[in-house]
There are 2 protein chains.
Amino acid sequence: MTPPTSSTDRYHHGDLPNALREAAVDVISENGLGHFSLREVARRAGVSHTAPAHHFGDVRGLLTSLATEGFDTLYSVTNTAVAAETEPAERLSAMGEAYVSLATEYPAHCQVMFRPDVIDNDDECLAESGMRAYGLLHDVVRDLVEAEGLDADVDAAAELCWATMQGLVVLEPKLALIDAREGRPSLTTRDRVRRLTTLMLDGIRHSAP
Amino acid sequence: MTPPTSSTDRYHHGDLPNALREAAVDVISENGLGHFSLREVARRAGVSHTAPAHHFGDVRGLLTSLATEGFDTLYSVTNTAVAAETEPAERLSAMGEAYVSLATEYPAHCQVMFRPDVIDNDDECLAESGMRAYGLLHDVVRDLVEAEGLDADVDAAAELCWATMQGLVVLEPKLALIDAREGRPSLTTRDRVRRLTTLMLDGIRHSAP
DNA sequence: GATCTAACTAGTCAGTGTCAACATGTGGGT
DNA sequence: ACCCACATGTTGACACTGACTAGTTAGATC
């Protein structure tokens, strides 16, 4: 049994994998993925520097687990965003906003999800979580195309949505910097998402087959 | 004077900064940015492990220099791509293809360019090179909007182009993996670029003000 | 030709990831 | 109730890393 003691002063932690993931998120958020340290993670979780190995193998295993968690929450937030709307186009817009919100709320996860050099791309759990998240996007785009009787290629349209939002996430700092250098007030991320979503939708709606 | 001796066995290298950048590119290409090592770079350039510091300060300085070089070549390749076309829409398409080609030909540079955690974002040279590259895109989009008498917002349209192509670059490995898992043959990167460019152009052309 | 300085080296330090060897409890079978 | 296998943790060691200080070399300037 695990009594409600603080679970940090015990020899067996109780839920070390989660504690390590949380600590890893903190480290990445503070130092950036470029200055990630497994020992620092262990330190913050209050365990020895080799404890993580028993759960994740090596640092790549821990980051892969983080990436999987990222795709899972991506599926989760986009799914609830989609459920809140009925109109297909509105669903797609809501999905885009949810995607970008995720990137600002969980930056550490999102830094890891698309970094094939630091995660295990052959990991089965990772692939499944990723596929499920993408599958949802694909479904929503398909619904839109069918509902409005469009000629757009569903695969291409889904790719466009994903690529654009992902690009926005990566480029956001640079775009803000450009606005600053050109002397104009910087748009909020939300406004950028809306602008791009509108343009994207126009493209999908008017695409020839 | 620097006679045509092999310049590697001399005490003074001759052009160490460039040699270090090239070695850094090799290391990143082979190991990924996540397993970058300044000492390894110095080793490949045939100098001691502290030599890079005299030219770049620290590892961040070297990577910042690499990012700047990346934006410079981005400007260069997009500029020649644009010059080869006359039609504004064709220019924009050519630019997109050049952008993605750059990412496949110079992956190391492109990995660094949008990683604010490992470069010095306040570096003036970096900012200037980035602005010049973006300025070219902005000009091409403006020409398109003016030439075709469109209502599209130039800033938004340029952002869409950049974000989509950048997203495609980042997502490419995942997209190929998805195709593989769904059993269909994977598209070439070039084909993906064409598909997305077509969709984007449709969006820009049919956008309301 | 003396000297000044940029370019480079050598040695050191704390910190890192991973491995091997050892310690600790938890749970299952008898 | 006991015992033991094994998951979970620890300590120590190793080669490696980035950065610092101090010293060396050679090209440029006067």
# chains A, B, ... in the order shown; residues from 1 in each chain; ligands from 1
call {"tool": "select_by_dssp", "arguments": {"residues": "region 4-204 of chain A", "states": "alpha helix (DSSP H)", "output": "PyMOL selection string"}}
result
chain A and resi 16-31+38-45+53-56+59-83+88-105+107-113+124-147+154-181+189-204
call {"tool": "interface_residues", "arguments": {"of": "chain C", "to": "chain B", "cutoff": "8 Å", "atoms": "only C-alpha atoms (C1' of nucleotides)", "output": "PyMOL selection string"}}
result
chain C and resi 7-9
call {"tool": "residues_around", "arguments": {"residues": "Ala89 (chain A)", "least_positions_apart": "5", "cutoff": "9 Å", "atoms": "only C-alpha atoms (C1' of nucleotides)", "output": "PyMOL selection string"}}
result
chain A and resi 94+140-141+143-144+201
call {"tool": "write_last_selection", "arguments": {"atoms": "N, CA and C atoms", "output": "PDB file, in the first residue's frame"}}
result
ATOM      1  N   ALA A  94     -10.797  25.652 -34.672  1.00  0.00           N
ATOM      2  CA  ALA A  94     -10.596  25.389 -33.246  1.00  0.00           C
ATOM      3  C   ALA A  94      -9.402  24.476 -33.024  1.00  0.00           C
ATOM      4  N   VAL A 140     -11.154  15.427 -39.503  1.00  0.00           N
ATOM      5  CA  VAL A 140     -11.820  16.727 -39.511  1.00  0.00           C
ATOM      6  C   VAL A 140     -11.738  17.364 -40.902  1.00  0.00           C
ATOM      7  N   VAL A 141     -10.575  17.253 -41.525  1.00  0.00           N
ATOM      8  CA  VAL A 141     -10.422  17.807 -42.872  1.00  0.00           C
ATOM      9  C   VAL A 141     -11.340  17.066 -43.847  1.00  0.00           C
ATOM     10  N   ASP A 143     -14.153  15.566 -43.183  1.00  0.00           N
ATOM     11  CA  ASP A 143     -15.523  16.018 -42.934  1.00  0.00           C
ATOM     12  C   ASP A 143     -15.795  17.357 -43.612  1.00  0.00           C
ATOM     13  N   LEU A 144     -14.820  18.255 -43.512  1.00  0.00           N
ATOM     14  CA  LEU A 144     -14.988  19.568 -44.134  1.00  0.00           C
ATOM     15  C   LEU A 144     -15.158  19.443 -45.640  1.00  0.00           C
ATOM     16  N   LEU A 201      -8.087  28.111 -45.161  1.00  0.00           N
ATOM     17  CA  LEU A 201      -9.439  27.677 -45.501  1.00  0.00           C
ATOM     18  C   LEU A 201      -9.829  28.150 -46.900  1.00  0.00           C
TER      19      LEU A 201
END
call {"tool": "residues_around", "arguments": {"residues": "DA5 (chain D)", "least_positions_apart": "3", "cutoff": "12 Å", "atoms": "only C-alpha atoms (C1' of nucleotides)", "output": "list of chain:residue names"}}
result
C:DT26, C:DG27, C:DG28, C:DG29
call {"tool": "write_last_selection", "arguments": {"atoms": "N, CA and C atoms (P, O5', C5', C4', C3', O3' and C1' of nucleotides)", "output": "mmCIF file, in the first residue's frame"}}
result
data_model
loop_
_atom_site.group_PDB
_atom_site.id
_atom_site.type_symbol
_atom_site.label_atom_id
_atom_site.label_comp_id
_atom_site.auth_asym_id
_atom_site.auth_seq_id
_atom_site.Cartn_x
_atom_site.Cartn_y
_atom_site.Cartn_z
ATOM 1 P P DT C 26 8.398 -1.401 0.898
ATOM 2 O "O5'" DT C 26 7.517 -1.848 -0.348
ATOM 3 C "C5'" DT C 26 8.171 -1.920 -1.629
ATOM 4 C "C4'" DT C 26 7.533 -3.020 -2.450
ATOM 5 C "C3'" DT C 26 6.279 -3.664 -1.857
ATOM 6 O "O3'" DT C 26 5.325 -3.784 -2.897
ATOM 7 C "C1'" DT C 26 7.873 -5.328 -2.345
ATOM 8 P P DG C 27 3.875 -4.331 -2.622
ATOM 9 O "O5'" DG C 27 3.897 -5.736 -3.406
ATOM 10 C "C5'" DG C 27 4.583 -5.826 -4.641
ATOM 11 C "C4'" DG C 27 4.578 -7.266 -5.118
ATOM 12 C "C3'" DG C 27 3.310 -8.040 -4.790
ATOM 13 O "O3'" DG C 27 2.978 -8.864 -5.910
ATOM 14 C "C1'" DG C 27 5.168 -9.104 -3.762
ATOM 15 P P DG C 28 1.713 -9.796 -5.891
ATOM 16 O "O5'" DG C 28 2.364 -11.240 -6.097
ATOM 17 C "C5'" DG C 28 3.471 -11.385 -6.987
ATOM 18 C "C4'" DG C 28 3.959 -12.814 -6.988
ATOM 19 C "C3'" DG C 28 2.881 -13.878 -6.836
ATOM 20 O "O3'" DG C 28 3.244 -15.044 -7.570
ATOM 21 C "C1'" DG C 28 4.295 -13.937 -4.941
ATOM 22 P P DG C 29 2.312 -16.288 -7.651
ATOM 23 O "O5'" DG C 29 3.115 -17.398 -6.860
ATOM 24 C "C5'" DG C 29 4.423 -17.753 -7.304
ATOM 25 C "C4'" DG C 29 5.047 -18.759 -6.371
ATOM 26 C "C3'" DG C 29 4.177 -19.979 -6.070
ATOM 27 O "O3'" DG C 29 4.998 -21.148 -6.044
ATOM 28 C "C1'" DG C 29 4.691 -18.854 -4.035
#
call {"tool": "residues_around", "arguments": {"residues": "Leu20 (chain A)", "least_positions_apart": "6", "cutoff": "10 Å", "atoms": "only C-alpha atoms (C1' of nucleotides)", "output": "ChimeraX atom specification"}}
result
/A:26,38,41-47,51-52,55-56,62,66
call {"tool": "residues_around", "arguments": {"residues": "Ala67 (chain A)", "least_positions_apart": "2", "cutoff": "10 Å", "atoms": "only C-alpha atoms (C1' of nucleotides)", "output": "list of chain:residue names"}}
result
A:Gly61, A:Leu62, A:Leu63, A:Thr64, A:Ser65, A:Glu69, A:Gly70, A:Phe71, A:Asp72, A:Thr73, A:Ala108, A:His109, A:Cys110, A:Gln111, A:Val112, A:Met113, A:Phe114, A:Arg115, A:Ile119, A:Asp120, A:Cys125, A:Leu126, A:Ser129, A:Gly130
call {"tool": "interface_residues", "arguments": {"of": "chain D", "to": "chain A", "cutoff": "9 Å", "atoms": "only C-alpha atoms (C1' of nucleotides)", "output": "PyMOL selection string"}}
result
chain D and resi 7-10
call {"tool": "interface_residues", "arguments": {"of": "chain B", "to": "chain A", "cutoff": "6 Å", "atoms": "only C-alpha atoms", "output": "PDB file with C-alpha atoms, in the first residue's frame"}}
result
ATOM      1  CA  GLY B  32      22.394  15.716 -34.944  1.00  0.00           C
ATOM      2  CA  GLY B  34      21.487  17.106 -29.886  1.00  0.00           C
ATOM      3  CA  ASP B 117      17.997  28.159 -27.092  1.00  0.00           C
ATOM      4  CA  VAL B 118      21.379  27.451 -28.665  1.00  0.00           C
ATOM      5  CA  LEU B 160       1.595  31.755 -44.581  1.00  0.00           C
ATOM      6  CA  ALA B 163       5.216  28.982 -42.012  1.00  0.00           C
ATOM      7  CA  THR B 164       3.954  26.341 -44.408  1.00  0.00           C
ATOM      8  CA  GLN B 166       9.079  25.676 -42.589  1.00  0.00           C
ATOM      9  CA  GLY B 167       6.432  23.357 -41.182  1.00  0.00           C
ATOM     10  CA  LEU B 168       6.888  21.021 -44.107  1.00  0.00           C
ATOM     11  CA  LEU B 196       1.130  22.828 -50.623  1.00  0.00           C
ATOM     12  CA  LEU B 199      -3.154  25.235 -52.031  1.00  0.00           C
ATOM     13  CA  MET B 200      -1.454  28.280 -50.553  1.00  0.00           C
ATOM     14  CA  ASP B 202      -5.401  29.412 -54.034  1.00  0.00           C
ATOM     15  CA  GLY B 203      -5.852  30.772 -50.538  1.00  0.00           C
TER      16      GLY B 203
END
call {"tool": "atom_distance", "arguments": {"atom1": "CA of Gly57 (chain B)", "atom2": "CA of Arg39 (chain B)"}}
result
13.6 Å
call {"tool": "residues_around", "arguments": {"residues": "DA15 (chain D)", "least_positions_apart": "3", "cutoff": "12 Å", "atoms": "only C-alpha atoms (C1' of nucleotides)", "output": "number ranges by chain"}}
result
C: 16-19
call {"tool": "decode", "arguments": {"residues": "chain C", "atoms": "C-alpha atoms (C1' of nucleotides)", "output": "short mmCIF file (atom, residue, chain, number, x, y, z; two decimals), in the first residue's frame"}}
result
data_model
loop_
_atom_site.label_atom_id
_atom_site.label_comp_id
_atom_site.auth_asym_id
_atom_site.auth_seq_id
_atom_site.Cartn_x
_atom_site.Cartn_y
_atom_site.Cartn_z
"C1'" DG C 1 65.37 43.88 -36.01
"C1'" DA C 2 62.58 44.72 -31.64
"C1'" DT C 3 58.14 44.54 -30.21
"C1'" DC C 4 53.16 44.10 -30.07
"C1'" DT C 5 49.40 41.28 -30.60
"C1'" DA C 6 46.38 37.90 -32.81
"C1'" DA C 7 46.29 33.01 -33.10
"C1'" DC C 8 46.91 28.81 -31.04
"C1'" DT C 9 48.30 25.18 -27.21
"C1'" DA C 10 48.40 22.86 -22.64
"C1'" DG C 11 46.48 22.02 -18.28
"C1'" DT C 12 42.75 22.22 -15.16
"C1'" DC C 13 38.00 22.29 -13.33
"C1'" DA C 14 33.26 21.11 -12.51
"C1'" DG C 15 29.68 18.80 -14.84
"C1'" DT C 16 27.65 15.09 -17.95
"C1'" DG C 17 25.91 10.19 -19.66
"C1'" DT C 18 26.59 5.55 -19.08
"C1'" DC C 19 28.29 1.32 -17.09
"C1'" DA C 20 29.18 -2.11 -13.29
"C1'" DA C 21 28.56 -3.47 -8.65
"C1'" DC C 22 25.97 -3.18 -4.65
"C1'" DA C 23 21.76 -2.13 -1.43
"C1'" DT C 24 16.83 -2.12 -0.41
"C1'" DG C 25 12.19 -3.35 -0.12
"C1'" DT C 26 7.87 -5.33 -2.35
"C1'" DG C 27 5.17 -9.10 -3.76
"C1'" DG C 28 4.29 -13.94 -4.94
"C1'" DG C 29 4.69 -18.85 -4.04
"C1'" DT C 30 5.23 -22.34 -0.73
#
